[in-house]
Amino acid sequence: MKSKVVILGAGLAGLSVGWLLKEKGIDFAILEKQKFVGGLARSFEWHGFYCDFAAHRLFTSNEYVLHQLLNLVPMGRHVRRSKIYLQDKWMRDPLDTAELAWSLSLPDKLRILIKYLFRPKHLPEINFENYVLSRYGDFLYRIFFQPYTEKLFGISGSEISVLWARQKVRLANPLDHLRENTKTKFQYFYYPIRRGYGAISENMYAAISEHVITEAQITHLISEDDQITRVGYIKDGQNFEIQVDQVVSTLPMTITAKMLGQELPLNYQKVDAVYLHINRKLVSDYHWIYFMDSNIAINRLVEFKNMSPVDAPVETTVLCAEVTQEHTDVVQRTIDDLVRVGLISPEDILDTKVIRENFAYPVYSQNYDKIVQDAESIFSAYKNLHLVGRAAQFRHFEADDNLEAATRVADEIAAEYKLPISVPSEPIVTIGELKMSTPAVTVVVLTYNHYEDTQECLKSVFSVDYDNFSVVLVDNGSTDGTPDLVAKEFPQVHVIPLDQNLGVPAGYNVGFQYALNNGADYVLMLNNDTILAEDLISQLVTAGEADGQSGILMPLVLYHGTNDTVWSSGGKYRKFPPSFVLTEKHQTSYDETRLIEYAPSCGLLIHRRAFEAAGLFDPGYFYWYDDWDFSERVRAHGLHIWNIPQAKMWHKVSRTIGINRSPLFWHTYGASMVRYYRRHGRPVWISLPLDASYLILREMFWKGNWRNLPDFWKGMLDGFHQPLGGFPKYSQ
């Protein structure tokens, strides 16, 4: 048998290489020892839950990698919620020095200060221990850094490489919230909506399954001169050899070296993943919990329902504890520790399960980098051998790191065959002719009283030059007879009357769900106090069809009663003074189609892919910030938000909530502001106070609304106490 490329291992790294090679039209085969694919990045079904092997997350600042992964798997964007258990206390993660000092006793506070002031600043940076001692002092090292790290690697801090300290030491100071997201200080992450983290591997496998040979035990590599020419393996008791042009190994570096006649003094740390099926709806509200103390066996704990509750059982939950220490009965030790810290009771346990992986973590011993460097020089002697992945490259890689490495190797192989390399593409929108088959648009109008505005809005809707559309009107509990009046004057409108005012996002969701269930390609959401230009829908649809990643298309919104006075051309978050602005201050021309950050929702054309990826609007808002929230989620899924100035509409601003702002208005404003900042990972303890303070100065004092300050403040307090919950999903 001959194949141009043979990939050793069908973990995430190997599947990524194969997936990319298939896109380039390169022949390949993947050999995998196990019956399953995915390696450490696999998931399995247990008691109705999709459980990952241990804890995983995806964060990357590489937009090309993110775009690739979001196209492959629908993912939710999560604002990181994690906790640290340290010295019998619960603390935030990442832990900052101020919180740590506040939580400790007075004698321990003094020890931290004294040990910090008299720390050995000039210790040589030869290991993890010296690195931390010289920066934080002996006391912080002993209570915070040393226990967890030694538990993770199974060796002493003096034996751990200084490179681990440089990569992972992350005791923050309070000003770290002002910094950008990094690998160690990320505020948000991505996770598949369905089927667990393993959905990434499974979707890759589905695209290339005919190239994957499972239950194939790799036995040897044969080389001639500077080339590996054959790969041997056993399957079903028979010996096979494949002649190769290129070899990609994702196997542990030590195993690859051994097949080439080399022994490497490198070690890997095993992980026991202990699964507990719990007879409770939820155990915690956190994505991860880290246990720093050495007398607790668990390194970190993940609750899969917090990663994605979609399709999961309602009444029970599953925890997964990651344990690297050796214990005679690791399940019982895990249960005992969780009972001791107060997370569960013994009677909560319905079932248990343990999965061990022996090559989970490369152990960064003090001289590992020199050994790896020497090994790489050995491997480089084989011109057609490529190493990809955590175990193969002896690096603590995440999914995005694997895909970046796989992209690099796939491009190197493509270059050998003189094929094009991978390059990110930027979307281009041009306004041209509509396709022959025009997409189906459902117009969703939300009303609450003010029938005369609704009447004018619907007349403009039925005057548009687009043919393939229908209209749904959701009435949010009007008391002026709006539903009956609409049904009588506009019989072609499907009216959905609600018994009470559910709020703006919840009301719209009723219409969105109806539209999507009835085959809408696009949904045009409209406030009832808007008027459309005749070509609005056709202009927006044309732009949407020109970009395969369009999520939201916003027209140019003008003030009602004017010809050219712009109300908004798209929202933007202004860092200082922190606030959302409806139109960029220095924008002088409104003729250019452009990508925007946020789309205010008085009139938006939304592609169904945006709902399928990001979910519906968050009903936790009554009004205000629901559109900023939805825009944030749509962009987080790699979809685009466009302002299309050729499409115009007019808006009777604040017709429903009124110009004279009521106590309800200010209460809702405060609650919504807090909810947004809690949701979306902007540094809540920095930006929220600044934004709120600026609003109070501007609205309460400068504009004289100071009597409403108690309502606004009460709303903010309520916003902190309201549970966030998940996002409603479009379901057929």
# chains A, B, ... in the order shown; residues from 1 in each chain; ligands from 1
>>> residues_around(residues="region 467-477 of chain A", least_positions_apart="6", cutoff="9 Å", atoms="only C-alpha atoms", output="ChimeraX atom specification")
/A:438-449,458,461,483,486,492-504,507-508,510-511,514-515,520
>>> write_last_selection(atoms="N, CA and C atoms", output="compact mmCIF listing (two decimals), in the first residue's frame")
# COMPACT_ATOMS: atom_id res chain seq x y z
N THR A 438 -34.70 34.18 -4.80
CA THR A 438 -34.59 35.16 -3.72
C THR A 438 -34.85 34.48 -2.38
N PRO A 439 -34.00 34.74 -1.39
CA PRO A 439 -34.17 34.12 -0.07
C PRO A 439 -35.49 34.55 0.57
N ALA A 440 -36.01 33.67 1.43
CA ALA A 440 -37.25 33.96 2.14
C ALA A 440 -36.96 34.86 3.34
N VAL A 441 -37.69 35.96 3.43
CA VAL A 441 -37.55 36.91 4.54
C VAL A 441 -38.85 36.93 5.33
N THR A 442 -38.75 36.80 6.64
CA THR A 442 -39.90 36.99 7.51
C THR A 442 -39.70 38.27 8.30
N VAL A 443 -40.63 39.20 8.17
CA VAL A 443 -40.59 40.45 8.92
C VAL A 443 -41.27 40.22 10.26
N VAL A 444 -40.56 40.46 11.35
CA VAL A 444 -41.11 40.30 12.70
C VAL A 444 -41.24 41.68 13.33
N VAL A 445 -42.48 42.10 13.55
CA VAL A 445 -42.76 43.41 14.15
C VAL A 445 -43.22 43.16 15.59
N LEU A 446 -42.62 43.88 16.52
CA LEU A 446 -43.02 43.78 17.92
C LEU A 446 -43.80 45.03 18.30
N THR A 447 -44.96 44.85 18.91
CA THR A 447 -45.80 45.99 19.26
C THR A 447 -46.17 45.99 20.74
N TYR A 448 -46.40 47.20 21.23
CA TYR A 448 -46.98 47.40 22.56
C TYR A 448 -47.69 48.75 22.53
N ASN A 449 -49.02 48.67 22.27
CA ASN A 449 -49.84 49.88 22.11
C ASN A 449 -49.36 50.73 20.91
N LEU A 458 -46.50 49.03 9.06
CA LEU A 458 -46.92 47.92 8.19
C LEU A 458 -47.20 48.39 6.77
N VAL A 461 -43.97 48.43 5.11
CA VAL A 461 -43.49 47.07 4.85
C VAL A 461 -44.11 46.52 3.57
N PRO A 483 -53.83 44.01 18.44
CA PRO A 483 -53.92 42.74 17.69
C PRO A 483 -55.16 42.67 16.81
N VAL A 486 -54.91 45.13 13.79
CA VAL A 486 -53.98 44.64 12.76
C VAL A 486 -54.63 43.51 11.97
N GLN A 492 -53.19 39.73 5.88
CA GLN A 492 -52.05 38.93 5.45
C GLN A 492 -50.98 38.81 6.53
N VAL A 493 -51.13 39.52 7.64
CA VAL A 493 -50.17 39.47 8.74
C VAL A 493 -50.56 38.37 9.71
N HIS A 494 -49.60 37.54 10.08
CA HIS A 494 -49.83 36.52 11.12
C HIS A 494 -49.63 37.19 12.48
N VAL A 495 -50.69 37.30 13.26
CA VAL A 495 -50.64 38.00 14.55
C VAL A 495 -50.50 36.99 15.68
N ILE A 496 -49.53 37.23 16.56
CA ILE A 496 -49.35 36.40 17.76
C ILE A 496 -49.54 37.30 18.97
N PRO A 497 -50.74 37.28 19.59
CA PRO A 497 -50.98 38.12 20.78
C PRO A 497 -50.46 37.44 22.04
N LEU A 498 -49.76 38.18 22.87
CA LEU A 498 -49.29 37.68 24.16
C LEU A 498 -50.14 38.28 25.27
N ASP A 499 -50.32 37.51 26.33
CA ASP A 499 -51.20 37.96 27.40
C ASP A 499 -50.59 39.08 28.23
N GLN A 500 -49.29 39.18 28.25
CA GLN A 500 -48.62 40.21 29.05
C GLN A 500 -47.36 40.66 28.36
N ASN A 501 -46.81 41.75 28.84
CA ASN A 501 -45.57 42.29 28.28
C ASN A 501 -44.39 41.47 28.81
N LEU A 502 -43.82 40.66 27.94
CA LEU A 502 -42.70 39.80 28.33
C LEU A 502 -41.36 40.53 28.30
N GLY A 503 -41.37 41.73 27.79
CA GLY A 503 -40.12 42.44 27.55
C GLY A 503 -39.74 42.33 26.09
N VAL A 504 -38.84 43.19 25.66
CA VAL A 504 -38.49 43.27 24.24
C VAL A 504 -37.85 41.98 23.72
N GLY A 507 -40.27 38.95 23.75
CA GLY A 507 -41.33 39.11 22.76
C GLY A 507 -40.82 38.84 21.36
N TYR A 508 -39.67 39.40 21.02
CA TYR A 508 -39.10 39.14 19.70
C TYR A 508 -38.81 37.65 19.50
N VAL A 510 -40.39 35.09 20.39
CA VAL A 510 -41.58 34.37 19.95
C VAL A 510 -41.71 34.46 18.43
N GLY A 511 -41.52 35.66 17.90
CA GLY A 511 -41.58 35.85 16.46
C GLY A 511 -40.43 35.19 15.73
N TYR A 514 -41.04 31.45 15.47
CA TYR A 514 -42.07 31.17 14.45
C TYR A 514 -41.47 31.31 13.05
N ALA A 515 -40.73 32.37 12.81
CA ALA A 515 -40.16 32.62 11.49
C ALA A 515 -39.19 31.51 11.09
N ALA A 520 -37.71 30.65 7.28
CA ALA A 520 -37.11 31.94 6.94
C ALA A 520 -35.60 31.80 6.76
>>> residues_around(residues="Ile696 (chain A)", least_positions_apart="6", cutoff="9 Å", atoms="only C-alpha atoms", output="PyMOL selection string")
chain A and resi 702+705-706+709+712
>>> closest_residue(among="A:Tyr368, A:His637, A:Lys353, A:Phe359", to="Pro192 (chain A)", atoms="only C-alpha atoms")
A:His637
>>> select_by_dssp(residues="region 199-348 of chain A", states="helix (DSSP H, G or I)", output="compact mmCIF listing (two decimals) with N, CA and C atoms, in the first residue's frame")
# COMPACT_ATOMS: atom_id res chain seq x y z
N ALA A 199 -16.70 17.27 19.95
CA ALA A 199 -17.36 17.59 18.69
C ALA A 199 -16.37 18.13 17.67
N ILE A 200 -15.30 18.79 18.14
CA ILE A 200 -14.28 19.30 17.22
C ILE A 200 -13.62 18.13 16.50
N SER A 201 -13.17 17.14 17.28
CA SER A 201 -12.54 15.96 16.67
C SER A 201 -13.53 15.18 15.83
N GLU A 202 -14.75 15.01 16.33
CA GLU A 202 -15.74 14.21 15.61
C GLU A 202 -16.09 14.83 14.26
N ASN A 203 -16.21 16.15 14.20
CA ASN A 203 -16.53 16.80 12.94
C ASN A 203 -15.38 16.69 11.95
N MET A 204 -14.15 16.79 12.45
CA MET A 204 -13.01 16.57 11.58
C MET A 204 -13.01 15.13 11.05
N TYR A 205 -13.25 14.19 11.95
CA TYR A 205 -13.25 12.78 11.57
C TYR A 205 -14.33 12.49 10.54
N ALA A 206 -15.52 13.10 10.71
CA ALA A 206 -16.61 12.87 9.76
C ALA A 206 -16.21 13.28 8.35
N ALA A 207 -15.35 14.29 8.24
CA ALA A 207 -14.95 14.77 6.92
C ALA A 207 -13.86 13.92 6.28
N ILE A 208 -13.14 13.13 7.09
CA ILE A 208 -11.98 12.39 6.55
C ILE A 208 -11.99 10.92 6.97
N SER A 209 -13.11 10.39 7.41
CA SER A 209 -13.15 9.05 8.01
C SER A 209 -12.61 7.96 7.09
N GLU A 210 -12.78 8.12 5.78
CA GLU A 210 -12.31 7.09 4.85
C GLU A 210 -10.79 6.99 4.82
N HIS A 211 -10.11 7.99 5.41
CA HIS A 211 -8.64 7.98 5.45
C HIS A 211 -8.10 7.46 6.78
N MET A 253 6.68 12.05 21.99
CA MET A 253 8.03 12.22 21.44
C MET A 253 8.92 11.04 21.79
N THR A 254 8.77 10.49 22.99
CA THR A 254 9.61 9.36 23.41
C THR A 254 9.36 8.13 22.55
N ILE A 255 8.09 7.90 22.14
CA ILE A 255 7.76 6.73 21.32
C ILE A 255 8.28 6.91 19.90
N THR A 256 8.12 8.09 19.34
CA THR A 256 8.66 8.36 18.01
C THR A 256 10.17 8.15 18.00
N ALA A 257 10.84 8.67 19.03
CA ALA A 257 12.30 8.52 19.11
C ALA A 257 12.70 7.06 19.23
N LYS A 258 11.95 6.29 20.01
CA LYS A 258 12.28 4.87 20.21
C LYS A 258 12.20 4.10 18.90
N MET A 259 11.19 4.43 18.07
CA MET A 259 11.06 3.74 16.78
C MET A 259 12.18 4.13 15.83
N PHE A 304 -19.80 19.74 33.30
CA PHE A 304 -20.06 19.86 31.87
C PHE A 304 -21.32 20.66 31.57
N LYS A 305 -22.28 20.64 32.46
CA LYS A 305 -23.52 21.38 32.21
C LYS A 305 -23.26 22.88 32.16
N ASN A 306 -22.23 23.34 32.85
CA ASN A 306 -21.88 24.76 32.80
C ASN A 306 -21.16 25.13 31.50
N MET A 307 -20.59 24.14 30.85
CA MET A 307 -19.94 24.40 29.56
C MET A 307 -20.98 24.52 28.46
N VAL A 330 -8.91 6.01 43.83
CA VAL A 330 -8.98 7.41 43.43
C VAL A 330 -10.41 7.93 43.44
N VAL A 331 -11.38 7.06 43.20
CA VAL A 331 -12.78 7.50 43.21
C VAL A 331 -13.20 7.91 44.62
N GLN A 332 -12.92 7.04 45.59
CA GLN A 332 -13.32 7.36 46.96
C GLN A 332 -12.59 8.57 47.48
N ARG A 333 -11.31 8.71 47.12
CA ARG A 333 -10.55 9.88 47.57
C ARG A 333 -11.16 11.16 46.99
N THR A 334 -11.55 11.10 45.72
CA THR A 334 -12.17 12.27 45.08
C THR A 334 -13.48 12.64 45.76
N ILE A 335 -14.31 11.63 46.03
CA ILE A 335 -15.59 11.88 46.70
C ILE A 335 -15.35 12.48 48.08
N ASP A 336 -14.42 11.91 48.83
CA ASP A 336 -14.13 12.41 50.18
C ASP A 336 -13.69 13.87 50.15
N ASP A 337 -12.85 14.22 49.18
CA ASP A 337 -12.37 15.61 49.09
C ASP A 337 -13.51 16.57 48.75
N LEU A 338 -14.38 16.18 47.83
CA LEU A 338 -15.49 17.06 47.45
C LEU A 338 -16.50 17.21 48.58
N VAL A 339 -16.67 16.16 49.37
CA VAL A 339 -17.54 16.26 50.55
C VAL A 339 -16.91 17.18 51.57
N ARG A 340 -15.60 17.03 51.75
CA ARG A 340 -14.90 17.85 52.76
C ARG A 340 -14.97 19.33 52.46
N PRO A 346 -22.35 12.54 50.22
CA PRO A 346 -22.20 11.16 49.73
C PRO A 346 -23.46 10.62 49.08
N GLU A 347 -24.62 11.02 49.60
CA GLU A 347 -25.88 10.51 49.05
C GLU A 347 -26.22 11.09 47.68
N ASP A 348 -25.46 12.12 47.24
CA ASP A 348 -25.69 12.69 45.91
C ASP A 348 -25.19 11.79 44.78
>>> atom_distance(atom1="CA of Arg194 (chain A)", atom2="CA of Glu404 (chain A)")
23.6 Å
>>> residues_around(residues="region 616-622 of chain A", least_positions_apart="2", cutoff="6 Å", atoms="only C-alpha atoms", output="ChimeraX atom specification")
/A:503-506,611,626,672,727-729
>>> residues_around(residues="Gly14 (chain A)", least_positions_apart="4", cutoff="8 Å", atoms="only C-alpha atoms", output="list in words")
Ile7, Leu8, Gly9, Ala10, Gly18, Ile30, Val248, Ser249, Thr250, Val388, Gly389 and Ala406 of chain A
>>> write_last_selection(atoms="C-alpha atoms", output="PDB file, in the first residue's frame")
ATOM      1  CA  ILE A   7      -0.177  10.483  10.022  1.00  0.00           C
ATOM      2  CA  LEU A   8       0.560   8.604  13.235  1.00  0.00           C
ATOM      3  CA  GLY A   9      -2.299   9.066  15.694  1.00  0.00           C
ATOM      4  CA  ALA A  10      -5.902  10.263  15.297  1.00  0.00           C
ATOM      5  CA  GLY A  18      -5.590  15.217   7.815  1.00  0.00           C
ATOM      6  CA  ILE A  30      -4.119   8.155   9.567  1.00  0.00           C
ATOM      7  CA  VAL A 248       3.471  13.258  10.516  1.00  0.00           C
ATOM      8  CA  SER A 249       3.833  11.904  14.053  1.00  0.00           C
ATOM      9  CA  THR A 250       1.497  12.974  16.829  1.00  0.00           C
ATOM     10  CA  VAL A 388       2.593  17.917  15.646  1.00  0.00           C
ATOM     11  CA  GLY A 389       0.741  18.136  18.941  1.00  0.00           C
ATOM     12  CA  ALA A 406      -1.202  21.445  11.980  1.00  0.00           C
TER      13      ALA A 406
END
>>> closest_residue(among="A:Val318, A:Ile126, A:Leu86, A:Ala273", to="Phe49 (chain A)", atoms="only C-alpha atoms")
A:Val318
>>> atom_distance(atom1="CA of Thr565 (chain A)", atom2="CA of Ser631 (chain A)")
24.2 Å
>>> closest_atom_pairs(of="region 568-637 of chain A", to="region 526-549 of chain A", cutoff="7 Å", atoms="only C-alpha atoms", output="Markdown table")
| residue | atom | partner | partner_atom | distance |
| --- | --- | --- | --- | --- |
| A:Cys602 | CA | A:Asn527 | CA | 5.0 |
| A:Gly603 | CA | A:Leu526 | CA | 4.5 |
| A:Leu604 | CA | A:Leu526 | CA | 6.9 |
| A:Leu605 | CA | A:Leu540 | CA | 6.9 |
>>> closest_residue(among="A:Ile298, A:Val6, A:Leu264, A:Val323", to="Asp369 (chain A)", atoms="only C-alpha atoms")
A:Leu264
>>> closest_residue(among="A:Tyr50, A:Phe576, A:Trp624, A:Phe36", to="Gly196 (chain A)", atoms="only C-alpha atoms")
A:Tyr50
>>> residues_around(residues="region 232-241 of chain A", least_positions_apart="3", cutoff="10 Å", atoms="only C-alpha atoms", output="ChimeraX atom specification")
/A:1-2,31-33,213-222,229,244
>>> residues_around(residues="Trp628 (chain A)", least_positions_apart="6", cutoff="12 Å", atoms="only C-alpha atoms", output="ChimeraX atom specification")
/A:505,570-573,579-582,596-601,617-618,621,634-635,641,672-673,675-677,679-680
>>> decode(residues="region 602-613 of chain A", atoms="N, CA and C atoms", output="tab-separated table (two decimals), in the first residue's frame")
chain	number	residue	atom	x	y	z
A	602	CYS	N	-33.57	48.49	16.33
A	602	CYS	CA	-34.86	49.01	15.88
A	602	CYS	C	-35.24	48.45	14.52
A	603	GLY	N	-34.25	48.02	13.72
A	603	GLY	CA	-34.52	47.42	12.42
A	603	GLY	C	-33.28	46.71	11.91
A	604	LEU	N	-33.28	45.36	11.95
A	604	LEU	CA	-32.11	44.59	11.55
A	604	LEU	C	-32.54	43.40	10.71
A	605	LEU	N	-31.77	43.10	9.67
A	605	LEU	CA	-31.95	41.86	8.92
A	605	LEU	C	-30.95	40.86	9.47
A	606	ILE	N	-31.45	39.74	9.99
A	606	ILE	CA	-30.61	38.75	10.66
A	606	ILE	C	-30.69	37.44	9.89
A	607	HIS	N	-29.54	36.93	9.47
A	607	HIS	CA	-29.50	35.64	8.79
A	607	HIS	C	-29.78	34.53	9.79
A	608	ARG	N	-30.44	33.47	9.36
A	608	ARG	CA	-30.77	32.39	10.29
A	608	ARG	C	-29.52	31.75	10.89
A	609	ARG	N	-28.38	31.82	10.17
A	609	ARG	CA	-27.15	31.23	10.73
A	609	ARG	C	-26.75	31.93	12.03
A	610	ALA	N	-27.12	33.20	12.18
A	610	ALA	CA	-26.79	33.91	13.42
A	610	ALA	C	-27.56	33.32	14.60
A	611	PHE	N	-28.84	33.01	14.38
A	611	PHE	CA	-29.63	32.40	15.44
A	611	PHE	C	-29.16	30.98	15.74
A	612	GLU	N	-28.83	30.24	14.69
A	612	GLU	CA	-28.39	28.87	14.89
A	612	GLU	C	-27.07	28.81	15.64
A	613	ALA	N	-26.22	29.79	15.42
A	613	ALA	CA	-24.91	29.80	16.09
A	613	ALA	C	-24.98	30.42	17.48
